[in-house]
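Below is the file my_file23.cif, which contains mmCIF, C-alpha atoms.
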```cif
data_final
#
loop_
_atom_site.label_atom_id
_atom_site.label_comp_id
_atom_site.auth_asym_id
_atom_site.auth_seq_id
_atom_site.Cartn_x
_atom_site.Cartn_y
_atom_site.Cartn_z
CA MET A 1 -7.67 -232.10 21.06
CA ASN A 2 -4.55 -231.50 18.99
CA THR A 3 -4.96 -231.96 15.29
CA GLU A 4 -2.01 -234.13 14.53
CA HIS A 5 -2.50 -236.62 11.73
CA VAL A 6 -2.23 -240.06 13.28
CA SER A 7 -2.37 -243.11 11.06
CA ALA A 8 -3.02 -245.80 13.69
CA GLN A 9 -6.75 -246.07 14.51
CA THR A 10 -7.28 -246.16 18.25
CA PRO A 11 -10.59 -245.33 19.97
CA ILE A 12 -9.18 -241.89 20.81
CA THR A 13 -8.17 -241.05 17.24
CA THR A 14 -11.60 -242.26 16.08
CA ALA A 15 -13.22 -240.08 18.76
CA LYS A 16 -11.24 -237.05 17.53
CA ALA A 17 -12.19 -237.70 13.91
CA ASP A 18 -15.85 -238.23 14.85
CA LEU A 19 -15.93 -234.95 16.78
CA VAL A 20 -14.76 -233.06 13.72
CA ALA A 21 -17.20 -234.97 11.50
CA ALA A 22 -20.08 -234.15 13.86
CA PHE A 23 -19.05 -230.48 13.89
CA GLN A 24 -18.98 -230.50 10.08
CA SER A 25 -22.49 -232.03 10.04
CA ILE A 26 -23.71 -229.22 12.31
CA GLN A 27 -22.20 -226.56 10.05
CA THR A 28 -23.75 -228.24 6.99
CA ALA A 29 -27.15 -228.38 8.74
CA GLN A 30 -26.89 -224.67 9.54
CA GLY A 31 -25.98 -223.98 5.91
CA GLN A 32 -29.12 -225.89 4.89
CA GLY A 33 -31.19 -223.62 7.13
CA ALA A 34 -31.50 -225.56 10.41
CA SER A 35 -32.60 -223.21 13.17
CA ASN A 36 -30.31 -222.16 16.02
CA THR A 37 -32.85 -223.47 18.56
CA ASP A 38 -32.54 -226.96 17.08
CA ILE A 39 -28.76 -226.79 16.80
CA LEU A 40 -27.90 -225.55 20.33
CA PRO A 41 -28.74 -228.85 22.10
CA LEU A 42 -26.45 -230.62 19.61
CA ILE A 43 -23.64 -228.19 20.46
CA ALA A 44 -24.11 -229.04 24.15
CA GLN A 45 -23.90 -232.76 23.33
CA LEU A 46 -20.81 -232.19 21.23
CA ASN A 47 -19.14 -230.32 24.12
CA THR A 48 -19.86 -233.33 26.35
CA ALA A 49 -18.32 -235.61 23.70
CA LEU A 50 -15.28 -233.33 23.63
CA GLN A 51 -14.94 -233.58 27.42
CA TYR A 52 -15.05 -237.40 27.19
CA GLU A 53 -12.39 -237.33 24.47
CA GLU A 54 -10.13 -234.98 26.48
CA ASN A 55 -10.58 -237.15 29.56
CA ALA A 56 -9.70 -240.24 27.51
CA THR A 57 -6.55 -238.53 26.21
CA ILE A 58 -5.46 -237.64 29.77
CA LEU A 59 -6.13 -241.18 31.03
CA GLU A 60 -4.23 -242.75 28.15
CA GLN A 61 -1.15 -240.68 28.95
CA GLN A 62 -1.01 -242.16 32.47
CA ASP A 63 1.64 -244.73 33.24
CA PRO A 64 0.03 -248.21 33.18
CA ASN A 65 2.24 -249.28 36.09
CA THR A 66 0.93 -246.58 38.42
CA CYS A 67 -2.59 -246.59 37.02
CA PRO A 68 -3.44 -250.06 35.67
CA GLY A 69 -7.09 -249.29 34.91
CA CYS A 70 -6.45 -246.00 33.17
CA HIS A 71 -6.12 -247.37 29.64
CA SER A 72 -9.37 -249.29 29.75
CA ALA A 73 -11.07 -246.23 31.30
CA ALA A 74 -9.62 -244.14 28.46
CA ASP A 75 -11.08 -246.54 25.90
CA ALA A 76 -14.47 -246.41 27.66
CA ASP A 77 -14.47 -242.60 27.60
CA ALA A 78 -13.42 -242.60 23.94
CA VAL A 79 -16.30 -244.93 23.08
CA GLN A 80 -18.72 -242.63 24.96
CA SER A 81 -17.37 -239.73 22.93
CA ILE A 82 -17.76 -241.67 19.67
CA ASN A 83 -21.37 -242.60 20.51
CA LEU A 84 -22.27 -239.00 21.33
CA SER A 85 -20.55 -237.63 18.21
CA THR A 86 -22.27 -240.22 15.99
CA ASN A 87 -25.62 -239.33 17.53
CA VAL A 88 -24.97 -235.61 16.95
CA SER A 89 -23.96 -236.29 13.33
CA LEU A 90 -27.14 -238.24 12.63
CA GLN A 91 -29.38 -235.66 14.27
CA ALA A 92 -27.63 -232.81 12.45
CA GLN A 93 -28.06 -234.60 9.11
CA ARG A 94 -31.77 -235.14 9.84
CA LEU A 95 -32.23 -231.49 10.86
CA GLY A 96 -30.35 -230.34 7.76
CA ASP A 97 -32.48 -232.47 5.43
CA GLU A 98 -35.70 -231.27 7.09
CA ALA A 99 -34.59 -227.65 6.94
CA GLN A 100 -33.62 -228.00 3.27
CA SER A 101 -36.94 -229.51 2.22
CA ALA A 102 -38.85 -226.91 4.28
CA SER A 103 -36.81 -224.16 2.64
CA LEU A 104 -37.52 -225.64 -0.80
CA ARG A 105 -41.26 -225.80 -0.08
CA ARG A 106 -41.24 -222.21 1.21
CA SER A 107 -39.37 -220.97 -1.86
CA ALA A 108 -41.67 -222.85 -4.25
CA LEU A 109 -44.74 -221.40 -2.49
CA ALA A 110 -43.35 -217.86 -2.42
CA TYR A 111 -42.32 -217.89 -6.11
CA GLY A 112 -45.62 -219.56 -7.02
CA ILE A 113 -47.52 -216.74 -5.30
CA ALA A 114 -45.28 -214.18 -7.05
CA LEU A 115 -45.95 -215.74 -10.45
CA GLY A 116 -49.70 -216.00 -9.76
CA THR A 117 -49.83 -212.36 -8.70
CA ALA A 118 -47.89 -211.38 -11.84
CA THR A 119 -50.37 -213.29 -14.03
CA LEU A 120 -53.36 -211.68 -12.32
CA ALA A 121 -51.79 -208.22 -12.58
CA ALA A 122 -51.01 -208.67 -16.30
CA PHE A 123 -54.51 -210.00 -16.95
CA GLY A 124 -56.01 -207.12 -14.99
CA VAL A 125 -54.12 -204.51 -17.03
CA VAL A 126 -54.98 -206.12 -20.39
CA GLU A 127 -58.61 -206.62 -19.53
CA ALA A 128 -59.05 -203.30 -17.74
CA PRO A 129 -60.85 -201.55 -20.67
CA ARG A 130 -63.31 -204.44 -20.97
CA LEU A 131 -63.88 -204.37 -17.22
CA ARG A 132 -64.42 -200.63 -17.30
CA ARG A 133 -66.94 -201.02 -20.15
CA PHE A 134 -68.71 -203.77 -18.24
CA ILE A 135 -68.96 -201.64 -15.09
CA LYS A 136 -70.20 -198.67 -17.07
CA LYS A 137 -72.82 -200.82 -18.80
CA ARG A 138 -74.06 -202.13 -15.45
CA GLN A 139 -74.21 -198.66 -13.99
CA LEU A 140 -76.15 -197.47 -17.02
CA ARG A 141 -78.58 -200.36 -16.81
CA ARG A 142 -79.13 -199.73 -13.09
CA ALA A 143 -79.69 -196.02 -13.72
CA ARG A 144 -82.22 -196.78 -16.42
CA PHE A 145 -84.00 -199.26 -14.18
CA GLU A 146 -84.13 -196.84 -11.24
CA HIS A 147 -85.23 -194.02 -13.51
CA GLY A 148 -87.96 -196.21 -14.98
CA GLU A 149 -89.22 -197.26 -11.53
CA GLU A 150 -89.45 -193.66 -10.32
CA ASN A 151 -91.37 -192.50 -13.44
CA PRO A 152 -93.64 -195.42 -14.40
CA ALA A 153 -95.81 -193.13 -16.61
CA ARG A 154 -92.96 -192.65 -19.07
CA MET B 155 -60.31 -205.79 -36.94
CA GLU B 156 -61.24 -208.29 -34.20
CA ARG B 157 -58.61 -210.68 -35.57
CA ARG B 158 -55.88 -208.04 -35.11
CA ILE B 159 -56.89 -207.12 -31.57
CA LEU B 160 -56.42 -210.66 -30.22
CA PRO B 161 -52.70 -211.08 -31.08
CA ASP B 162 -52.03 -207.51 -29.90
CA LYS B 163 -53.72 -208.29 -26.60
CA LEU B 164 -51.77 -211.51 -26.26
CA ALA B 165 -48.48 -209.73 -26.93
CA ALA B 166 -49.35 -207.03 -24.40
CA PHE B 167 -50.34 -209.69 -21.88
CA LEU B 168 -47.06 -211.58 -22.35
CA ILE B 169 -44.95 -208.42 -22.06
CA LEU B 170 -46.81 -207.40 -18.91
CA LEU B 171 -46.59 -210.91 -17.49
CA ILE B 172 -42.81 -211.02 -17.95
CA SER B 173 -42.42 -207.55 -16.46
CA PHE B 174 -44.61 -208.25 -13.45
CA ALA B 175 -43.02 -211.68 -12.94
CA ALA B 176 -39.56 -210.05 -12.87
CA ILE B 177 -40.72 -207.43 -10.36
CA PHE B 178 -42.52 -209.85 -8.03
CA SER B 179 -39.76 -212.50 -8.27
CA SER B 180 -37.16 -209.87 -7.33
CA ALA B 181 -39.26 -208.83 -4.34
CA THR B 182 -39.66 -212.50 -3.32
CA PHE B 183 -35.91 -213.09 -3.65
CA TYR B 184 -35.25 -210.05 -1.45
CA ILE B 185 -37.74 -211.23 1.19
CA LEU B 186 -36.39 -214.80 1.22
CA SER B 187 -32.71 -213.80 1.33
CA PRO B 188 -31.13 -213.72 4.79
CA SER B 189 -30.27 -210.24 5.96
CA ALA B 190 -26.63 -209.27 5.59
CA SER B 191 -24.56 -209.19 8.77
CA GLN B 192 -20.93 -208.75 9.72
CA PRO B 193 -19.58 -212.02 11.14
CA PHE B 194 -17.31 -211.68 14.14
CA MET B 195 -15.94 -213.46 17.19
CA ALA B 196 -14.95 -211.84 20.44
CA MET B 197 -13.23 -212.82 23.63
CA GLY B 198 -13.40 -211.30 27.09
CA ILE B 199 -12.25 -212.00 30.60
CA TYR B 200 -13.62 -211.22 34.03
CA SER B 201 -12.93 -212.13 37.60
CA ARG B 202 -15.35 -212.25 40.49
CA THR B 203 -12.60 -210.97 42.77
CA GLY B 204 -12.13 -207.91 40.57
CA LEU B 205 -8.54 -208.75 39.79
CA VAL B 206 -8.12 -208.06 36.10
CA GLY B 207 -5.64 -205.40 35.01
CA TYR B 208 -5.69 -204.48 31.34
CA THR B 209 -3.39 -201.51 31.75
CA GLU B 210 0.37 -201.47 31.79
CA PRO B 211 1.79 -201.24 34.38
CA ALA B 212 -0.81 -203.28 36.21
CA THR B 213 -2.52 -201.02 38.74
CA ASN B 214 -5.23 -203.22 40.17
CA SER B 215 -3.50 -206.56 39.89
CA ASN B 216 -1.30 -207.21 42.89
CA VAL B 217 -0.91 -210.93 43.42
CA THR B 218 0.90 -212.31 46.44
CA SER B 219 2.34 -215.80 46.50
CA GLY B 220 -0.21 -218.36 47.59
CA ASP B 221 -3.07 -216.46 45.92
CA ARG B 222 -5.43 -218.64 43.93
CA LEU B 223 -7.21 -216.74 41.17
CA ASN B 224 -10.33 -217.79 39.33
CA TRP B 225 -10.83 -215.99 36.05
CA THR B 226 -13.53 -216.61 33.49
CA LEU B 227 -12.87 -216.28 29.78
CA THR B 228 -15.88 -215.66 27.55
CA VAL B 229 -16.06 -216.43 23.85
CA THR B 230 -18.79 -214.88 21.72
CA ASN B 231 -19.66 -216.36 18.36
CA SER B 232 -21.55 -214.29 15.80
CA MET B 233 -20.22 -216.02 12.69
CA GLY B 234 -23.59 -217.32 11.46
CA SER B 235 -22.62 -220.92 12.23
CA ALA B 236 -21.24 -222.98 15.10
CA GLN B 237 -17.49 -222.70 15.68
CA PHE B 238 -14.91 -225.08 17.10
CA VAL B 239 -12.70 -222.87 19.23
CA MET B 240 -9.39 -223.24 21.03
CA ILE B 241 -8.10 -220.68 23.51
CA VAL B 242 -4.34 -220.54 23.75
CA ALA B 243 -3.04 -219.20 27.05
CA ARG B 244 0.55 -217.97 27.29
CA ILE B 245 2.58 -216.12 29.88
CA ALA B 246 4.98 -213.32 29.03
CA ASN B 247 7.29 -210.71 30.56
CA SER B 248 8.30 -207.27 29.29
CA THR B 249 10.91 -208.62 26.84
CA LEU B 250 8.64 -211.11 25.10
CA SER B 251 6.45 -209.98 22.21
CA SER B 252 2.65 -210.03 22.26
CA SER B 253 0.24 -211.29 19.66
CA ASN B 254 -1.20 -208.86 17.10
CA SER B 255 -4.20 -208.76 14.78
CA THR B 256 -2.57 -211.07 12.22
CA THR B 257 0.12 -213.08 14.02
CA PRO B 258 -0.09 -215.09 17.22
CA SER B 259 2.59 -214.81 19.87
CA SER B 260 5.47 -217.26 19.63
CA LEU B 261 5.59 -217.84 23.38
CA PRO B 262 5.06 -221.40 24.60
CA LYS B 263 1.47 -222.45 25.21
CA ILE B 264 0.47 -223.13 28.81
CA ILE B 265 -2.99 -224.55 28.26
CA THR B 266 -5.23 -224.88 25.22
CA PRO B 267 -8.85 -225.50 26.22
CA GLU B 268 -11.21 -226.35 23.35
CA LEU B 269 -14.96 -225.95 23.02
CA PHE B 270 -17.79 -225.75 20.53
CA VAL B 271 -19.67 -222.45 20.52
CA GLY B 272 -23.08 -222.13 18.89
CA ASP B 273 -24.01 -219.21 16.69
CA GLY B 274 -25.12 -216.20 18.74
CA GLU B 275 -23.86 -217.86 21.90
CA THR B 276 -21.37 -216.74 24.55
CA SER B 277 -19.53 -219.58 26.28
CA ASN B 278 -17.41 -219.47 29.41
CA VAL B 279 -14.07 -221.12 30.10
CA ASN B 280 -12.64 -221.21 33.61
CA PHE B 281 -9.02 -220.18 34.04
CA THR B 282 -7.62 -220.92 37.48
CA TRP B 283 -4.07 -220.14 38.44
CA THR B 284 -2.01 -219.90 41.62
CA LEU B 285 1.13 -217.92 42.28
CA GLN B 286 3.24 -220.48 44.15
CA SER B 287 6.37 -218.47 44.83
CA VAL B 288 8.22 -215.27 43.91
CA THR B 289 12.02 -215.26 44.04
CA PRO B 290 13.84 -211.91 43.60
CA GLN B 291 16.76 -211.97 41.17
CA SER B 292 19.44 -209.48 40.15
CA GLY B 293 18.43 -206.25 38.38
CA GLY B 294 14.96 -206.15 39.89
CA ARG B 295 13.94 -209.29 38.04
CA LEU B 296 11.68 -211.90 39.58
CA LEU B 297 11.43 -215.66 39.17
CA LEU B 298 7.83 -216.83 39.35
CA ASN B 299 6.54 -220.31 39.99
CA LEU B 300 2.89 -220.67 39.06
CA THR B 301 0.31 -223.38 38.64
CA VAL B 302 -2.08 -222.84 35.76
CA GLN B 303 -5.02 -225.28 35.66
CA GLY B 304 -2.79 -227.73 37.54
CA ASN B 305 0.19 -227.31 35.20
CA PRO B 306 3.44 -225.95 36.70
CA VAL B 307 4.84 -222.86 34.94
CA THR B 308 8.08 -220.96 35.59
CA ILE B 309 8.98 -217.55 34.20
CA ALA B 310 11.62 -214.92 35.02
CA GLY B 311 11.71 -211.19 34.27
CA ASP B 312 9.41 -208.26 35.04
CA ASN B 313 6.05 -206.84 33.92
CA PHE B 314 4.30 -210.18 33.75
CA ARG B 315 1.14 -210.82 31.84
CA PHE B 316 -1.09 -213.60 30.58
CA ILE B 317 -1.89 -213.61 26.89
CA PHE B 318 -5.04 -215.28 25.58
CA GLU B 319 -5.56 -215.99 21.89
CA LEU B 320 -8.62 -217.24 20.09
CA TRP B 321 -8.04 -219.97 17.50
CA THR B 322 -10.74 -221.54 15.31
CA TYR B 323 -10.92 -224.87 13.52
CA ASP B 324 -10.41 -224.84 9.77
CA PHE B 325 -11.64 -227.76 7.65
CA VAL B 326 -9.25 -226.87 4.82
CA CYS B 327 -6.11 -227.61 6.85
CA SER B 328 -7.86 -229.84 9.43
CA CYS B 329 -6.23 -227.75 12.10
CA PHE B 330 -6.80 -224.76 14.35
CA HIS B 331 -5.64 -221.39 13.05
CA TYR B 332 -5.24 -218.06 14.81
CA GLY B 333 -8.30 -215.80 14.78
CA TYR B 334 -11.53 -216.33 12.87
CA GLY B 335 -12.50 -216.38 9.22
CA PRO B 336 -10.60 -218.05 6.38
CA GLN B 337 -7.03 -218.94 7.24
CA ASN B 338 -5.48 -216.69 4.57
CA ALA B 339 -7.51 -213.67 5.70
CA SER B 340 -8.24 -214.34 9.34
CA THR B 341 -8.85 -211.69 11.99
CA GLY B 342 -6.80 -212.19 15.12
CA VAL B 343 -8.49 -212.02 18.52
CA TRP B 344 -6.36 -211.76 21.62
CA LEU B 345 -6.15 -210.06 24.98
CA GLN B 346 -3.62 -209.72 27.75
CA VAL B 347 -3.90 -209.27 31.50
CA TRP B 348 -1.03 -207.76 33.46
CA PHE B 349 -0.32 -208.65 37.09
CA ASN B 350 2.09 -207.50 39.79
CA PRO B 351 3.57 -210.46 41.68
CA SER B 352 4.92 -210.06 45.16
CA GLY B 353 6.33 -212.47 47.76
#
```
Would you mind writing the file out in structure tokens?
Amino acid sequence: MNTEHVSAQTPITTAKADLVAAFQSIQTAQGQGASNTDILPLIAQLNTALQYEENATILEQQDPNTCPGCHSAADADAVQSINLSTNVSLQAQRLGDEAQSASLRRSALAYGIALGTATLAAFGVVEAPRLRRFIKKRQLRRARFEHGEENPAR
Amino acid sequence: MERRILPDKLAAFLILLISFAAIFSSATFYILSPSASQPFMAMGIYSRTGLVGYTEPATNSNVTSGDRLNWTLTVTNSMGSAQFVMIVARIANSTLSSSNSTTPSSLPKIITPELFVGDGETSNVNFTWTLQSVTPQSGGRLLLNLTVQGNPVTIAGDNFRFIFELWTYDFVCSCFHYGYGPQNASTGVWLQVWFNPSG
């Protein structure tokens, strides 16, 4: 696919534009955090769409006198390419959106845990003397109780 | 006395809370951030018949007319995202200049296969060529007739080689540019394979 700017919209020019748009959707999805495992099947589909588009370009360059069916075959291949590219674009957008919301949830949870831990830590430090006093008091009470049980005559 | 302790405790709590929140948030940011990596793309070539000569003059690359050669080009993508790649194949002799790390060769393109390569993936591209005929000329020069992926190619001279360049698609210019990375600071990727033709 050569990247010449063509103004007339034929199925082949649409197929070329859709391939680039689908590729852009994949890159955006990856930027949003879509996993490589999810993206690789889309890359394979996009390579198939590229093959259809290249085949369509070759068929369109054939002389209609020597190959009368070539132009309609080229259009059919271009349409196949467009369908595949559109499908890839839609799937990439869905994957990107899912990855973004999952990433947002993960971040919210992680920062929430961080803030909760910070609150507990601050509370623990401030209330440490009271806690120490409470533990000491309990230990003292237990010691008195045990002491009293061992020497009931006292 | 009790009245004074409460605001002091609150102030201490707030100071500690802010400090701990900063520490734990920094740690969370570090954990959530993707690890830094050096993005790169690479290209290689191999042949099942063992005929690939990187050295000049070609030592292990004798090709006689009628030979059909099947080479495989590999493209590795470690850019962190999928790449739209074009390989530009050119043929050169000793007088024609090669590509370098910043500028592609100005020799005419023979074929330009395109493909999408996923991140962390290595893709293969077949490169088949046939040496059709070798015609000796004056001064030890040779005239070669080749077929590359079905396209006829003619070149005269000596010390022949194929040059392969890696080009990547750039959304800014809506075009392919030489190498990878941003167009104004791209890193060129190319390789050349020398061969010795004989009749």
Open item on the list: From the options A:Val126, A:Val88, A:Ile12, A:Asn65, which residue's atoms come nearest to chain B, counting only C-alpha atoms?
Closed with: A:Val126
Task: chain A contacts to chain B at 10 Å (all atoms listed in the file) as number ranges by chain - done: A: 1-5, 19-21, 23-24, 26-31, 36-37, 39-48, 50-51, 54, 103, 106-107, 110-127
Write a file of the just-selected residues containing C-alpha atoms, as a PDB file, keeping the file's coordinate frame.
```
ATOM      1  CA  MET A   1      -7.670-232.100  21.060  1.00  0.00           C
ATOM      2  CA  ASN A   2      -4.550-231.500  18.990  1.00  0.00           C
ATOM      3  CA  THR A   3      -4.960-231.960  15.290  1.00  0.00           C
ATOM      4  CA  GLU A   4      -2.010-234.130  14.530  1.00  0.00           C
ATOM      5  CA  HIS A   5      -2.500-236.620  11.730  1.00  0.00           C
ATOM      6  CA  LEU A  19     -15.930-234.950  16.780  1.00  0.00           C
ATOM      7  CA  VAL A  20     -14.760-233.060  13.720  1.00  0.00           C
ATOM      8  CA  ALA A  21     -17.200-234.970  11.500  1.00  0.00           C
ATOM      9  CA  PHE A  23     -19.050-230.480  13.890  1.00  0.00           C
ATOM     10  CA  GLN A  24     -18.980-230.500  10.080  1.00  0.00           C
ATOM     11  CA  ILE A  26     -23.710-229.220  12.310  1.00  0.00           C
ATOM     12  CA  GLN A  27     -22.200-226.560  10.050  1.00  0.00           C
ATOM     13  CA  THR A  28     -23.750-228.240   6.990  1.00  0.00           C
ATOM     14  CA  ALA A  29     -27.150-228.380   8.740  1.00  0.00           C
ATOM     15  CA  GLN A  30     -26.890-224.670   9.540  1.00  0.00           C
ATOM     16  CA  GLY A  31     -25.980-223.980   5.910  1.00  0.00           C
ATOM     17  CA  ASN A  36     -30.310-222.160  16.020  1.00  0.00           C
ATOM     18  CA  THR A  37     -32.850-223.470  18.560  1.00  0.00           C
ATOM     19  CA  ILE A  39     -28.760-226.790  16.800  1.00  0.00           C
ATOM     20  CA  LEU A  40     -27.900-225.550  20.330  1.00  0.00           C
ATOM     21  CA  PRO A  41     -28.740-228.850  22.100  1.00  0.00           C
ATOM     22  CA  LEU A  42     -26.450-230.620  19.610  1.00  0.00           C
ATOM     23  CA  ILE A  43     -23.640-228.190  20.460  1.00  0.00           C
ATOM     24  CA  ALA A  44     -24.110-229.040  24.150  1.00  0.00           C
ATOM     25  CA  GLN A  45     -23.900-232.760  23.330  1.00  0.00           C
ATOM     26  CA  LEU A  46     -20.810-232.190  21.230  1.00  0.00           C
ATOM     27  CA  ASN A  47     -19.140-230.320  24.120  1.00  0.00           C
ATOM     28  CA  THR A  48     -19.860-233.330  26.350  1.00  0.00           C
ATOM     29  CA  LEU A  50     -15.280-233.330  23.630  1.00  0.00           C
ATOM     30  CA  GLN A  51     -14.940-233.580  27.420  1.00  0.00           C
ATOM     31  CA  GLU A  54     -10.130-234.980  26.480  1.00  0.00           C
ATOM     32  CA  SER A 103     -36.810-224.160   2.640  1.00  0.00           C
ATOM     33  CA  ARG A 106     -41.240-222.210   1.210  1.00  0.00           C
ATOM     34  CA  SER A 107     -39.370-220.970  -1.860  1.00  0.00           C
ATOM     35  CA  ALA A 110     -43.350-217.860  -2.420  1.00  0.00           C
ATOM     36  CA  TYR A 111     -42.320-217.890  -6.110  1.00  0.00           C
ATOM     37  CA  GLY A 112     -45.620-219.560  -7.020  1.00  0.00           C
ATOM     38  CA  ILE A 113     -47.520-216.740  -5.300  1.00  0.00           C
ATOM     39  CA  ALA A 114     -45.280-214.180  -7.050  1.00  0.00           C
ATOM     40  CA  LEU A 115     -45.950-215.740 -10.450  1.00  0.00           C
ATOM     41  CA  GLY A 116     -49.700-216.000  -9.760  1.00  0.00           C
ATOM     42  CA  THR A 117     -49.830-212.360  -8.700  1.00  0.00           C
ATOM     43  CA  ALA A 118     -47.890-211.380 -11.840  1.00  0.00           C
ATOM     44  CA  THR A 119     -50.370-213.290 -14.030  1.00  0.00           C
ATOM     45  CA  LEU A 120     -53.360-211.680 -12.320  1.00  0.00           C
ATOM     46  CA  ALA A 121     -51.790-208.220 -12.580  1.00  0.00           C
ATOM     47  CA  ALA A 122     -51.010-208.670 -16.300  1.00  0.00           C
ATOM     48  CA  PHE A 123     -54.510-210.000 -16.950  1.00  0.00           C
ATOM     49  CA  GLY A 124     -56.010-207.120 -14.990  1.00  0.00           C
ATOM     50  CA  VAL A 125     -54.120-204.510 -17.030  1.00  0.00           C
ATOM     51  CA  VAL A 126     -54.980-206.120 -20.390  1.00  0.00           C
ATOM     52  CA  GLU A 127     -58.610-206.620 -19.530  1.00  0.00           C
TER      53      GLU A 127
END
```
Open item on the list: Just want the 9 Å neighbourhood of B:Met197, counted on only C-alpha atoms, with same-chain residues fewer than 2 positions away dropped. Output as number ranges by chain.
Closed with: B: 195, 199, 227-230, 318-320, 343-345
Take the residues from that selection and write them out as a tab-separated table (two decimals), in the coordinates of the input, keeping C-alpha atoms.
```
chain	number	residue	atom	x	y	z
B	195	MET	CA	-15.94	-213.46	17.19
B	199	ILE	CA	-12.25	-212.00	30.60
B	227	LEU	CA	-12.87	-216.28	29.78
B	228	THR	CA	-15.88	-215.66	27.55
B	229	VAL	CA	-16.06	-216.43	23.85
B	230	THR	CA	-18.79	-214.88	21.72
B	318	PHE	CA	-5.04	-215.28	25.58
B	319	GLU	CA	-5.56	-215.99	21.89
B	320	LEU	CA	-8.62	-217.24	20.09
B	343	VAL	CA	-8.49	-212.02	18.52
B	344	TRP	CA	-6.36	-211.76	21.62
B	345	LEU	CA	-6.15	-210.06	24.98
```
Task: Which residue of A:Ala102, A:Ala49, A:Leu131, A:Leu140 approaches A:Ser89 most closely, using only C-alpha atoms - done: A:Ala49
TODO: Would you write out, as a list in words, every residue that the PyMOL selection byres ((chain B and resi 279-287) around 6) captures in this file?
DONE: Ser219, Gly220, Asp221, Arg222, Leu223, Asn224, Trp225, Thr226, Leu227, Asn278, Val288, Leu298, Asn299, Leu300, Thr301, Val302 and Gln303 of chain B
Task: Selected residue, from A:Ile58, A:Ala108, A:Ala15, A:Ile135, that lies nearest to A:Cys70 when counting all atoms listed in the file - done: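 Smallest separation from A:Cys70 among the options: A:Ile58.
With atom CA of A:Pro68 on one side and atom CA of A:Ala56 on the other, the separation reads 14.2 Å.
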- [ ] Take the PyMOL selection byres ((chain B and resi 334) around 10), apply it to the structure above, and return the hits as a ChimeraX atom specification.
- [x] /B:193-196,231,233,237,239,320-324,330-333,335-337,339-343
For B:Ala243, please output as a tab-separated table (two decimals) with C-alpha atoms, in the coordinates of the input all residues within 6 Å (counting all atoms listed in the file; exclusion window: fewer than 4 positions along the same chain).
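Writing the result to result-v1.tsv gives the following:
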```tsv
chain	number	residue	atom	x	y	z
B	263	LYS	CA	1.47	-222.45	25.21
B	264	ILE	CA	0.47	-223.13	28.81
B	265	ILE	CA	-2.99	-224.55	28.26
B	317	ILE	CA	-1.89	-213.61	26.89
B	318	PHE	CA	-5.04	-215.28	25.58
```
